[in-house]
Amino acid sequence: MLKMKKTAIILLAAMLLTAATGCSSTTSSTTAPATAADKKKEEALQTVKFSEVIRSVFYAPHYIAMEKGFFKEEGLNVDMNTAQGSDKGAAALIAGVADISLVGPETAIYIYNQKGDKTLKIFHQLTMKDGSFLLSRNKVDNFKWSDLGGKSVIGWRPGSAPQMVLNTKLTQEKVAQTDVVTNIASTAMAGAFTSGKGDYIQVFEPIASSLVKEGKAHYVASVGQDFGAFPETSYVATSDYIKKNPAIIQKFVNAVAKGRAWMQTASSDDIANALMPFFDGTPKDIIIQSVERYMKQDTWPAVPELNAQQFDTLQKVLIENGVLKPEQKVADINAVVDMSFVKKIGKAE
């Protein structure tokens, strides 16, 4: 698993193809400019090439900021693609095919320890819980983590945040002989489970609620809620990009903050309506349930800051999972984290 920190360099060509062609590309609004004045404003927007790790309701504040026009209010147009992996999102930054990526913050540590020409910096902490949910094939009453002993779980790739959080949780609960399947692509996990593979599956929303609604799985636990606070997904850019474009970074952070703030007062129905363009074919009730589950576990922090305590928690999990050697622990958080933009949210220039 130590190979994870070298992924961005070793598999760069393959990653670039994935990042460039992506799963989807979405601009910052689904509505065309209504007037000539609007069109002129649209042309004046600065485009940011953005790569998200996967498509999930887990990242709702970002999609809200796009759909409600908060990025445009800040003068930005977001050209989004889905990388299907933090390693790929990091590789896109290093290669310059993405300006900003939404990835696991561990990627910044991996790249930093490579001592290469480029480093990554985390500038906004979007989520503060793991976003996965554990589902069972057969109904389980009064689920306990010990129930996973001797069972198989379709999980995430080695070195990914959800895989490490689950592994650490199993260790904390002293669950032995659990077979966690980690070699199935994220896009194929649900299909593998519904075809009969695995006793349990660890998935994000809206896939979790969809499987339950279809009668193909039973909800048993929120991994994030049971594990506790964990800085799972961050906005990251190269140190060079941040240094050259501080105004863009600040505008980006401001827009996402507006998205989260809007969600705090909007109804579940309004939130679902805003998210539906990003989840084509997903019923509204599934999106509503997904949002409510993430809100219940306090996924999106009021202050999106990665502090020293959370950074220490992250590195402990990386070391426990063997993807970071103790001597590779980043002693100075400022080497890979810049929260100066978060501290300016809501403040006049």
# chains A, B, ... in the order shown; residues from 1 in each chain; ligands from 1
call {"tool": "residues_around", "arguments": {"residues": "Gly75 in chain A", "least_positions_apart": "3", "cutoff": "9 Å", "atoms": "only C-alpha atoms", "output": "compact mmCIF listing (two decimals) with N, CA and C atoms, in the first residue's frame"}}
result
# COMPACT_ATOMS: atom_id res chain seq x y z
N LYS A 41 -21.68 39.00 -19.25
CA LYS A 41 -21.17 38.63 -17.93
C LYS A 41 -20.59 37.22 -17.95
N GLU A 42 -21.29 36.34 -18.68
CA GLU A 42 -20.84 34.95 -18.79
C GLU A 42 -19.46 34.88 -19.44
N ALA A 44 -17.23 37.07 -19.36
CA ALA A 44 -16.22 37.69 -18.50
C ALA A 44 -15.77 36.80 -17.35
N LEU A 45 -16.47 35.69 -17.15
CA LEU A 45 -16.13 34.79 -16.04
C LEU A 45 -14.77 34.14 -16.25
N GLN A 46 -14.07 33.92 -15.16
CA GLN A 46 -12.81 33.18 -15.21
C GLN A 46 -13.12 31.69 -15.05
N THR A 47 -12.62 30.89 -15.98
CA THR A 47 -12.90 29.45 -15.94
C THR A 47 -11.89 28.74 -15.04
N PHE A 70 -23.67 30.66 -7.29
CA PHE A 70 -22.76 31.31 -6.35
C PHE A 70 -21.35 31.45 -6.91
N PHE A 71 -20.93 30.49 -7.74
CA PHE A 71 -19.63 30.64 -8.38
C PHE A 71 -19.66 31.83 -9.35
N LYS A 72 -20.76 31.95 -10.10
CA LYS A 72 -20.88 33.06 -11.05
C LYS A 72 -20.90 34.41 -10.32
N ILE A 248 -8.62 33.90 -7.23
CA ILE A 248 -9.49 32.82 -7.69
C ILE A 248 -9.78 31.85 -6.55
N LYS A 251 -12.31 33.43 -4.21
CA LYS A 251 -13.65 33.41 -4.80
C LYS A 251 -14.25 32.01 -4.76
call {"tool": "residues_around", "arguments": {"residues": "Val203 in chain A", "least_positions_apart": "2", "cutoff": "8 Å", "atoms": "only C-alpha atoms", "output": "PyMOL selection string"}}
result
chain A and resi 132-135+155+190+201+205+207-208
call {"tool": "residues_around", "arguments": {"residues": "Ser146 in chain A", "least_positions_apart": "6", "cutoff": "9 Å", "atoms": "only C-alpha atoms", "output": "list in words"}}
result
Leu170, Glu173, Lys174, Val175 and Ala176 of chain A
call {"tool": "write_last_selection", "arguments": {"atoms": "C-alpha atoms", "output": "PDB file, in the first residue's frame"}}
result
ATOM      1  CA  LEU A 170     -12.531  -2.780  12.325  1.00  0.00           C
ATOM      2  CA  GLU A 173     -13.664  -2.890  17.331  1.00  0.00           C
ATOM      3  CA  LYS A 174     -11.272  -5.882  17.268  1.00  0.00           C
ATOM      4  CA  VAL A 175     -13.186  -7.472  14.399  1.00  0.00           C
ATOM      5  CA  ALA A 176     -11.179 -10.362  13.010  1.00  0.00           C
TER       6      ALA A 176
END
call {"tool": "residues_around", "arguments": {"residues": "range 312-326 of chain A", "least_positions_apart": "3", "cutoff": "9 Å", "atoms": "only C-alpha atoms", "output": "list in words"}}
result
Met1, Leu2, Lys3, Met4, Lys5, Pro105, Glu106, Ile109, Tyr110, Pro158, Gly159, Ala161, Met164, Val165, Asn167, Thr168, Ala229, Phe230, Pro231, Glu232, Asn307, Ala308, Gln309, Lys329, Val330 and Ile333 of chain A
call {"tool": "write_last_selection", "arguments": {"atoms": "N, CA and C atoms", "output": "PDB file, in the first residue's frame"}}
result
ATOM      1  N   MET A   1       0.815  -1.211   0.000  1.00  0.00           N
ATOM      2  CA  MET A   1       0.000   0.000   0.000  1.00  0.00           C
ATOM      3  C   MET A   1       0.849   1.262   0.000  1.00  0.00           C
ATOM      4  N   LEU A   2       2.158   1.121   0.310  1.00  0.00           N
ATOM      5  CA  LEU A   2       3.017   2.278   0.256  1.00  0.00           C
ATOM      6  C   LEU A   2       3.146   2.828  -1.156  1.00  0.00           C
ATOM      7  N   LYS A   3       2.763   2.016  -2.147  1.00  0.00           N
ATOM      8  CA  LYS A   3       2.816   2.468  -3.527  1.00  0.00           C
ATOM      9  C   LYS A   3       1.836   3.588  -3.791  1.00  0.00           C
ATOM     10  N   MET A   4       0.860   3.762  -2.906  1.00  0.00           N
ATOM     11  CA  MET A   4      -0.158   4.792  -3.104  1.00  0.00           C
ATOM     12  C   MET A   4       0.461   6.167  -3.253  1.00  0.00           C
ATOM     13  N   LYS A   5       1.481   6.487  -2.454  1.00  0.00           N
ATOM     14  CA  LYS A   5       2.023   7.832  -2.492  1.00  0.00           C
ATOM     15  C   LYS A   5       2.811   8.102  -3.759  1.00  0.00           C
ATOM     16  N   PRO A 105      -7.415  14.537   1.570  1.00  0.00           N
ATOM     17  CA  PRO A 105      -6.264  15.366   1.928  1.00  0.00           C
ATOM     18  C   PRO A 105      -4.959  14.586   2.030  1.00  0.00           C
ATOM     19  N   GLU A 106      -5.066  13.263   2.154  1.00  0.00           N
ATOM     20  CA  GLU A 106      -3.853  12.445   2.212  1.00  0.00           C
ATOM     21  C   GLU A 106      -3.008  12.578   0.955  1.00  0.00           C
ATOM     22  N   ILE A 109      -0.195  14.906   1.305  1.00  0.00           N
ATOM     23  CA  ILE A 109       0.914  14.337   2.089  1.00  0.00           C
ATOM     24  C   ILE A 109       1.758  13.417   1.221  1.00  0.00           C
ATOM     25  N   TYR A 110       1.099  12.584   0.417  1.00  0.00           N
ATOM     26  CA  TYR A 110       1.826  11.665  -0.460  1.00  0.00           C
ATOM     27  C   TYR A 110       2.742  12.442  -1.420  1.00  0.00           C
ATOM     28  N   PRO A 158      -7.359   0.139  -1.844  1.00  0.00           N
ATOM     29  CA  PRO A 158      -6.385   0.326  -0.764  1.00  0.00           C
ATOM     30  C   PRO A 158      -5.798   1.730  -0.764  1.00  0.00           C
ATOM     31  N   GLY A 159      -5.718   2.332   0.412  1.00  0.00           N
ATOM     32  CA  GLY A 159      -5.152   3.670   0.525  1.00  0.00           C
ATOM     33  C   GLY A 159      -6.149   4.791   0.364  1.00  0.00           C
ATOM     34  N   ALA A 161      -9.507   6.997   1.420  1.00  0.00           N
ATOM     35  CA  ALA A 161     -10.015   7.393   2.731  1.00  0.00           C
ATOM     36  C   ALA A 161     -11.090   6.448   3.272  1.00  0.00           C
ATOM     37  N   MET A 164      -9.496   3.178   4.451  1.00  0.00           N
ATOM     38  CA  MET A 164      -8.691   3.302   5.666  1.00  0.00           C
ATOM     39  C   MET A 164      -9.558   3.529   6.900  1.00  0.00           C
ATOM     40  N   VAL A 165     -10.623   4.332   6.753  1.00  0.00           N
ATOM     41  CA  VAL A 165     -11.530   4.566   7.878  1.00  0.00           C
ATOM     42  C   VAL A 165     -12.199   3.255   8.303  1.00  0.00           C
ATOM     43  N   ASN A 167     -11.083   0.188   7.766  1.00  0.00           N
ATOM     44  CA  ASN A 167     -10.069  -0.697   8.322  1.00  0.00           C
ATOM     45  C   ASN A 167      -9.716  -0.313   9.754  1.00  0.00           C
ATOM     46  N   THR A 168      -9.580   0.989  10.004  1.00  0.00           N
ATOM     47  CA  THR A 168      -9.282   1.458  11.358  1.00  0.00           C
ATOM     48  C   THR A 168     -10.428   1.154  12.304  1.00  0.00           C
ATOM     49  N   ALA A 229     -15.224  12.223  13.899  1.00  0.00           N
ATOM     50  CA  ALA A 229     -14.645  13.277  13.062  1.00  0.00           C
ATOM     51  C   ALA A 229     -13.436  12.772  12.288  1.00  0.00           C
ATOM     52  N   PHE A 230     -13.446  13.065  10.987  1.00  0.00           N
ATOM     53  CA  PHE A 230     -12.332  12.682  10.123  1.00  0.00           C
ATOM     54  C   PHE A 230     -12.343  13.586   8.895  1.00  0.00           C
ATOM     55  N   PRO A 231     -11.208  14.233   8.567  1.00  0.00           N
ATOM     56  CA  PRO A 231     -11.166  15.167   7.427  1.00  0.00           C
ATOM     57  C   PRO A 231     -11.061  14.422   6.102  1.00  0.00           C
ATOM     58  N   GLU A 232     -12.182  13.973   5.579  1.00  0.00           N
ATOM     59  CA  GLU A 232     -12.150  13.038   4.455  1.00  0.00           C
ATOM     60  C   GLU A 232     -11.916  13.684   3.085  1.00  0.00           C
ATOM     61  N   ASN A 307      -7.683  21.822  10.923  1.00  0.00           N
ATOM     62  CA  ASN A 307      -6.788  22.308  11.964  1.00  0.00           C
ATOM     63  C   ASN A 307      -5.753  21.245  12.340  1.00  0.00           C
ATOM     64  N   ALA A 308      -4.866  21.591  13.259  1.00  0.00           N
ATOM     65  CA  ALA A 308      -3.760  20.718  13.633  1.00  0.00           C
ATOM     66  C   ALA A 308      -4.237  19.396  14.234  1.00  0.00           C
ATOM     67  N   GLN A 309      -5.288  19.436  15.031  1.00  0.00           N
ATOM     68  CA  GLN A 309      -5.802  18.217  15.651  1.00  0.00           C
ATOM     69  C   GLN A 309      -6.361  17.263  14.598  1.00  0.00           C
ATOM     70  N   LYS A 329       5.833  11.311   8.563  1.00  0.00           N
ATOM     71  CA  LYS A 329       4.794  12.181   9.087  1.00  0.00           C
ATOM     72  C   LYS A 329       5.183  13.643   8.889  1.00  0.00           C
ATOM     73  N   VAL A 330       4.278  14.435   8.334  1.00  0.00           N
ATOM     74  CA  VAL A 330       4.543  15.852   8.088  1.00  0.00           C
ATOM     75  C   VAL A 330       4.438  16.610   9.407  1.00  0.00           C
ATOM     76  N   ILE A 333       2.214  21.436   9.623  1.00  0.00           N
ATOM     77  CA  ILE A 333       0.959  21.414   8.871  1.00  0.00           C
ATOM     78  C   ILE A 333       0.970  22.431   7.738  1.00  0.00           C
TER      79      ILE A 333
END
call {"tool": "select_by_dssp", "arguments": {"residues": "range 91-226 of chain A", "states": "strand (DSSP E or B)", "output": "PyMOL selection string"}}
result
chain A and resi 100-103+120-127+132-136+152-154+179-181+200-204+218-222
call {"tool": "residues_around", "arguments": {"residues": "Val140 in chain A", "least_positions_apart": "4", "cutoff": "10 Å", "atoms": "only C-alpha atoms", "output": "list in words"}}
result
Leu135, Ser136, Lys144, Asp147, His218, Tyr219 and Val220 of chain A
call {"tool": "residues_around", "arguments": {"residues": "Gln297 in chain A", "least_positions_apart": "3", "cutoff": "12 Å", "atoms": "only C-alpha atoms", "output": "short mmCIF file (atom, residue, chain, number, x, y, z; two decimals) with all heavy atoms, in the first residue's frame"}}
result
data_model
loop_
_atom_site.label_atom_id
_atom_site.label_comp_id
_atom_site.auth_asym_id
_atom_site.auth_seq_id
_atom_site.Cartn_x
_atom_site.Cartn_y
_atom_site.Cartn_z
N PHE A 58 -22.52 13.53 -1.08
CA PHE A 58 -21.54 13.87 -0.05
C PHE A 58 -20.93 15.25 -0.31
O PHE A 58 -20.49 15.93 0.61
CB PHE A 58 -20.45 12.79 -0.07
CG PHE A 58 -19.49 12.80 1.09
CD1 PHE A 58 -19.91 13.01 2.39
CD2 PHE A 58 -18.14 12.55 0.87
CE1 PHE A 58 -19.02 12.98 3.46
CE2 PHE A 58 -17.24 12.51 1.92
CZ PHE A 58 -17.67 12.72 3.22
N THR A 127 -15.60 18.26 3.91
CA THR A 127 -16.31 17.28 4.74
C THR A 127 -15.49 16.92 5.98
O THR A 127 -14.26 16.88 5.93
CB THR A 127 -16.60 15.99 3.96
OG1 THR A 127 -15.36 15.34 3.63
CG2 THR A 127 -17.37 16.29 2.69
N MET A 128 -16.20 16.64 7.07
CA MET A 128 -15.52 16.31 8.32
C MET A 128 -16.00 14.97 8.88
O MET A 128 -15.89 14.68 10.07
CB MET A 128 -15.72 17.42 9.34
CG MET A 128 -14.74 17.40 10.50
SD MET A 128 -13.01 17.30 10.01
CE MET A 128 -12.76 18.93 9.34
N LYS A 129 -16.55 14.13 8.03
CA LYS A 129 -16.93 12.77 8.39
C LYS A 129 -16.69 11.90 7.16
O LYS A 129 -16.69 12.39 6.03
CB LYS A 129 -18.42 12.68 8.78
CG LYS A 129 -18.79 13.40 10.08
CD LYS A 129 -18.32 12.66 11.30
CE LYS A 129 -18.61 13.44 12.58
NZ LYS A 129 -20.05 13.60 12.83
N ASP A 130 -16.51 10.61 7.39
CA ASP A 130 -16.50 9.70 6.25
C ASP A 130 -17.90 9.70 5.64
O ASP A 130 -18.90 9.80 6.36
CB ASP A 130 -16.12 8.29 6.72
CG ASP A 130 -16.19 7.27 5.59
OD1 ASP A 130 -15.27 7.27 4.76
OD2 ASP A 130 -17.17 6.51 5.53
N GLY A 131 -17.97 9.58 4.33
CA GLY A 131 -19.27 9.68 3.67
C GLY A 131 -19.90 8.37 3.26
O GLY A 131 -20.91 8.36 2.55
N SER A 132 -19.33 7.25 3.73
CA SER A 132 -19.85 5.95 3.30
C SER A 132 -20.82 5.35 4.31
O SER A 132 -20.80 5.67 5.49
CB SER A 132 -18.70 4.98 3.05
OG SER A 132 -18.01 4.70 4.24
N PHE A 133 -21.65 4.45 3.79
CA PHE A 133 -22.63 3.75 4.62
C PHE A 133 -22.48 2.25 4.39
O PHE A 133 -22.15 1.81 3.29
CB PHE A 133 -24.05 4.20 4.26
CG PHE A 133 -24.28 5.66 4.52
CD1 PHE A 133 -24.01 6.60 3.54
CD2 PHE A 133 -24.74 6.10 5.75
CE1 PHE A 133 -24.18 7.96 3.78
CE2 PHE A 133 -24.92 7.46 6.00
CZ PHE A 133 -24.65 8.39 5.01
N ALA A 221 -25.41 0.76 9.00
CA ALA A 221 -24.63 1.72 9.77
C ALA A 221 -24.07 2.84 8.90
O ALA A 221 -23.81 2.67 7.71
CB ALA A 221 -23.47 1.01 10.47
N SER A 222 -23.88 4.01 9.53
CA SER A 222 -23.15 5.11 8.93
C SER A 222 -21.71 4.97 9.41
O SER A 222 -21.43 5.09 10.60
CB SER A 222 -23.71 6.46 9.38
OG SER A 222 -22.77 7.49 9.15
N VAL A 223 -20.80 4.71 8.49
CA VAL A 223 -19.39 4.55 8.87
C VAL A 223 -18.88 5.87 9.46
O VAL A 223 -18.17 5.87 10.47
CB VAL A 223 -18.53 4.13 7.66
CG1 VAL A 223 -17.07 3.99 8.07
CG2 VAL A 223 -19.04 2.81 7.08
N GLY A 224 -19.25 6.98 8.86
CA GLY A 224 -18.80 8.27 9.33
C GLY A 224 -19.28 8.59 10.73
O GLY A 224 -18.52 9.08 11.57
N GLN A 225 -20.54 8.32 11.00
CA GLN A 225 -21.10 8.62 12.31
C GLN A 225 -20.47 7.73 13.38
O GLN A 225 -20.16 8.19 14.49
CB GLN A 225 -22.62 8.42 12.29
CG GLN A 225 -23.32 8.94 13.54
CD GLN A 225 -24.82 9.05 13.34
OE1 GLN A 225 -25.32 9.05 12.22
NE2 GLN A 225 -25.55 9.14 14.43
N ASP A 226 -20.26 6.47 13.08
CA ASP A 226 -19.68 5.55 14.05
C ASP A 226 -18.19 5.80 14.26
O ASP A 226 -17.67 5.58 15.36
CB ASP A 226 -19.90 4.10 13.61
CG ASP A 226 -21.33 3.64 13.84
OD1 ASP A 226 -22.18 4.48 14.21
OD2 ASP A 226 -21.61 2.44 13.65
N PHE A 227 -17.50 6.25 13.22
CA PHE A 227 -16.06 6.49 13.34
C PHE A 227 -15.76 7.80 14.05
O PHE A 227 -14.83 7.90 14.83
CB PHE A 227 -15.41 6.50 11.95
CG PHE A 227 -13.91 6.61 11.99
CD1 PHE A 227 -13.12 5.48 12.18
CD2 PHE A 227 -13.28 7.84 11.86
CE1 PHE A 227 -11.74 5.57 12.24
CE2 PHE A 227 -11.90 7.94 11.90
CZ PHE A 227 -11.12 6.81 12.09
N GLY A 228 -16.56 8.82 13.77
CA GLY A 228 -16.32 10.13 14.36
C GLY A 228 -15.65 11.09 13.39
O GLY A 228 -15.51 10.80 12.21
N ALA A 229 -15.22 12.22 13.90
CA ALA A 229 -14.65 13.28 13.06
C ALA A 229 -13.44 12.77 12.29
O ALA A 229 -12.54 12.13 12.84
CB ALA A 229 -14.26 14.48 13.93
N PHE A 230 -13.45 13.06 10.99
CA PHE A 230 -12.33 12.68 10.12
C PHE A 230 -12.34 13.59 8.89
O PHE A 230 -13.37 13.71 8.22
CB PHE A 230 -12.46 11.22 9.69
CG PHE A 230 -11.31 10.74 8.84
CD1 PHE A 230 -10.07 10.47 9.42
CD2 PHE A 230 -11.45 10.60 7.47
CE1 PHE A 230 -9.00 10.04 8.64
CE2 PHE A 230 -10.39 10.18 6.68
CZ PHE A 230 -9.16 9.90 7.26
N SER A 290 -30.69 11.12 1.00
CA SER A 290 -29.23 11.19 1.01
C SER A 290 -28.76 12.45 1.74
O SER A 290 -27.86 12.40 2.59
CB SER A 290 -28.69 11.19 -0.42
OG SER A 290 -29.06 10.03 -1.11
N VAL A 291 -29.37 13.58 1.40
CA VAL A 291 -29.01 14.85 2.04
C VAL A 291 -29.26 14.79 3.53
O VAL A 291 -28.42 15.20 4.35
CB VAL A 291 -29.79 16.02 1.41
CG1 VAL A 291 -29.60 17.29 2.23
CG2 VAL A 291 -29.34 16.26 -0.02
N GLU A 292 -30.41 14.27 3.92
CA GLU A 292 -30.78 14.22 5.34
C GLU A 292 -29.83 13.32 6.12
O GLU A 292 -29.50 13.61 7.28
CB GLU A 292 -32.23 13.77 5.48
CG GLU A 292 -33.21 14.84 4.98
CD GLU A 292 -34.66 14.42 5.05
OE1 GLU A 292 -34.92 13.20 5.23
OE2 GLU A 292 -35.54 15.29 4.90
N ARG A 293 -29.37 12.23 5.50
CA ARG A 293 -28.42 11.37 6.19
C ARG A 293 -27.09 12.09 6.44
O ARG A 293 -26.50 11.99 7.50
CB ARG A 293 -28.18 10.09 5.38
CG ARG A 293 -29.25 9.03 5.62
CD ARG A 293 -28.93 7.74 4.89
NE ARG A 293 -29.89 6.70 5.25
CZ ARG A 293 -30.10 5.62 4.54
NH1 ARG A 293 -29.42 5.42 3.42
NH2 ARG A 293 -30.98 4.72 4.93
N TYR A 294 -26.64 12.82 5.43
CA TYR A 294 -25.38 13.54 5.59
C TYR A 294 -25.51 14.70 6.57
O TYR A 294 -24.58 14.99 7.33
CB TYR A 294 -24.87 14.03 4.23
CG TYR A 294 -24.23 12.94 3.40
CD1 TYR A 294 -24.58 12.76 2.07
CD2 TYR A 294 -23.28 12.09 3.97
CE1 TYR A 294 -23.98 11.75 1.31
CE2 TYR A 294 -22.69 11.08 3.21
CZ TYR A 294 -23.04 10.91 1.89
OH TYR A 294 -22.46 9.92 1.14
N TRP A 300 -20.86 18.51 6.91
CA TRP A 300 -20.27 19.74 6.39
C TRP A 300 -20.04 20.74 7.52
O TRP A 300 -20.99 21.31 8.05
CB TRP A 300 -21.17 20.34 5.31
CG TRP A 300 -21.47 19.33 4.24
CD1 TRP A 300 -20.57 18.75 3.38
CD2 TRP A 300 -22.75 18.74 3.92
NE1 TRP A 300 -21.21 17.86 2.54
CE2 TRP A 300 -22.54 17.82 2.85
CE3 TRP A 300 -24.04 18.89 4.42
CZ2 TRP A 300 -23.57 17.07 2.29
CZ3 TRP A 300 -25.08 18.14 3.86
CH2 TRP A 300 -24.83 17.25 2.81
N PRO A 301 -18.79 20.97 7.92
CA PRO A 301 -18.51 21.85 9.07
C PRO A 301 -18.86 23.30 8.80
O PRO A 301 -18.71 23.79 7.68
CB PRO A 301 -16.99 21.68 9.27
CG PRO A 301 -16.48 21.32 7.91
CD PRO A 301 -17.55 20.46 7.30
#
call {"tool": "closest_residue", "arguments": {"among": "A:Asp240, A:Glu327, A:Asp269, A:Asp338", "to": "Asp117 in chain A", "atoms": "only C-alpha atoms"}}
result
A:Asp240
call {"tool": "select_by_dssp", "arguments": {"residues": "range 142-290 of chain A", "states": "helix (DSSP H, G or I)", "output": "PyMOL selection string"}}
result
chain A and resi 145-148+161-172+186-194+207-213+223-227+239-244+246-265+268-278+284-290
call {"tool": "atom_distance", "arguments": {"atom1": "CA of Ala65 in chain A", "atom2": "CA of Phe123 in chain A"}}
result
17.1 Å
call {"tool": "residues_around", "arguments": {"residues": "Met276 in chain A", "least_positions_apart": "2", "cutoff": "12 Å", "atoms": "only C-alpha atoms", "output": "list in words"}}
result
Thr30, Ser56, Val57, Ala60, Tyr63, Ile64, Glu67, Pro206, Asp269, Asp270, Ile271, Ala272, Asn273, Ala274, Phe278, Phe279, Asp280, Gly281, Thr282, Pro283, Lys284, Asp285, Ile286, Ile287, Ile288, Ser290 and Val291 of chain A
call {"tool": "write_last_selection", "arguments": {"atoms": "N, CA, C and O atoms", "output": "compact mmCIF listing (two decimals), in the first residue's frame"}}
result
# COMPACT_ATOMS: atom_id res chain seq x y z
N THR A 30 -27.07 25.42 -15.14
CA THR A 30 -27.79 24.65 -16.15
C THR A 30 -28.72 25.55 -16.97
O THR A 30 -29.42 25.08 -17.85
N SER A 56 -21.11 12.33 -5.79
CA SER A 56 -21.87 11.89 -4.61
C SER A 56 -22.56 13.07 -3.96
O SER A 56 -22.04 14.20 -3.97
N VAL A 57 -23.70 12.82 -3.34
CA VAL A 57 -24.41 13.84 -2.57
C VAL A 57 -23.54 14.30 -1.40
O VAL A 57 -23.76 15.36 -0.82
N ALA A 60 -22.55 17.85 -1.72
CA ALA A 60 -23.70 18.70 -2.05
C ALA A 60 -23.41 20.19 -2.04
O ALA A 60 -23.87 20.91 -2.94
N TYR A 63 -22.16 21.34 -5.46
CA TYR A 63 -23.15 21.34 -6.54
C TYR A 63 -24.16 22.47 -6.35
O TYR A 63 -24.61 23.08 -7.32
N ILE A 64 -24.51 22.73 -5.09
CA ILE A 64 -25.43 23.83 -4.80
C ILE A 64 -24.82 25.15 -5.26
O ILE A 64 -25.49 26.00 -5.86
N GLU A 67 -25.23 25.24 -9.04
CA GLU A 67 -26.60 25.36 -9.53
C GLU A 67 -27.26 26.68 -9.15
O GLU A 67 -28.05 27.24 -9.92
N PRO A 206 -25.86 8.92 -3.59
CA PRO A 206 -27.18 8.31 -3.40
C PRO A 206 -27.25 6.81 -3.68
O PRO A 206 -28.34 6.23 -3.67
N ASP A 269 -36.77 19.69 0.03
CA ASP A 269 -37.30 19.65 -1.33
C ASP A 269 -36.52 20.61 -2.24
O ASP A 269 -36.15 20.26 -3.37
N ASP A 270 -36.24 21.82 -1.74
CA ASP A 270 -35.50 22.79 -2.53
C ASP A 270 -34.06 22.32 -2.77
O ASP A 270 -33.51 22.51 -3.86
N ILE A 271 -33.47 21.73 -1.76
CA ILE A 271 -32.10 21.21 -1.91
C ILE A 271 -32.08 20.11 -2.97
O ILE A 271 -31.20 20.09 -3.84
N ALA A 272 -33.05 19.22 -2.90
CA ALA A 272 -33.11 18.12 -3.87
C ALA A 272 -33.29 18.66 -5.29
O ALA A 272 -32.66 18.17 -6.23
N ASN A 273 -34.14 19.67 -5.44
CA ASN A 273 -34.35 20.26 -6.78
C ASN A 273 -33.04 20.82 -7.34
O ASN A 273 -32.77 20.71 -8.54
N ALA A 274 -32.24 21.43 -6.47
CA ALA A 274 -30.98 22.01 -6.92
C ALA A 274 -29.94 20.94 -7.25
O ALA A 274 -29.07 21.16 -8.09
N PHE A 278 -27.41 17.15 -11.24
CA PHE A 278 -26.12 16.47 -11.12
C PHE A 278 -26.27 14.96 -10.90
O PHE A 278 -25.28 14.24 -10.85
N PHE A 279 -27.51 14.51 -10.74
CA PHE A 279 -27.78 13.08 -10.50
C PHE A 279 -28.90 12.62 -11.41
O PHE A 279 -29.99 12.26 -10.95
N ASP A 280 -28.62 12.66 -12.68
CA ASP A 280 -29.60 12.33 -13.70
C ASP A 280 -30.16 10.93 -13.47
O ASP A 280 -29.42 9.95 -13.34
N GLY A 281 -31.49 10.83 -13.40
CA GLY A 281 -32.13 9.54 -13.24
C GLY A 281 -32.36 9.13 -11.79
O GLY A 281 -33.03 8.12 -11.53
N THR A 282 -31.82 9.89 -10.85
CA THR A 282 -32.02 9.56 -9.43
C THR A 282 -33.29 10.23 -8.93
O THR A 282 -33.43 11.45 -9.03
N PRO A 283 -34.24 9.47 -8.38
CA PRO A 283 -35.50 10.05 -7.90
C PRO A 283 -35.27 11.08 -6.80
O PRO A 283 -34.32 10.98 -6.02
N LYS A 284 -36.16 12.05 -6.74
CA LYS A 284 -36.02 13.11 -5.75
C LYS A 284 -36.02 12.58 -4.32
O LYS A 284 -35.26 13.06 -3.46
N ASP A 285 -36.86 11.59 -4.04
CA ASP A 285 -36.93 11.08 -2.66
C ASP A 285 -35.60 10.47 -2.22
O ASP A 285 -35.22 10.54 -1.05
N ILE A 286 -34.87 9.88 -3.16
CA ILE A 286 -33.56 9.31 -2.84
C ILE A 286 -32.57 10.43 -2.52
O ILE A 286 -31.77 10.32 -1.58
N ILE A 287 -32.62 11.50 -3.30
CA ILE A 287 -31.72 12.63 -3.05
C ILE A 287 -32.04 13.27 -1.70
O ILE A 287 -31.13 13.61 -0.93
N ILE A 288 -33.31 13.43 -1.40
CA ILE A 288 -33.71 14.00 -0.12
C ILE A 288 -33.18 13.15 1.04
O ILE A 288 -32.61 13.67 2.00
N SER A 290 -30.69 11.12 1.00
CA SER A 290 -29.23 11.19 1.01
C SER A 290 -28.76 12.45 1.74
O SER A 290 -27.86 12.40 2.59
N VAL A 291 -29.37 13.58 1.40
CA VAL A 291 -29.01 14.85 2.04
C VAL A 291 -29.26 14.79 3.53
O VAL A 291 -28.42 15.20 4.35
call {"tool": "closest_residue", "arguments": {"among": "A:Phe252, A:Lys258, A:Ser234, A:Glu73", "to": "Lys49 in chain A", "atoms": "only C-alpha atoms"}}
result
A:Phe252
call {"tool": "atom_distance", "arguments": {"atom1": "CA of Ala217 in chain A", "atom2": "CA of Ile54 in chain A"}}
result
21.5 Å
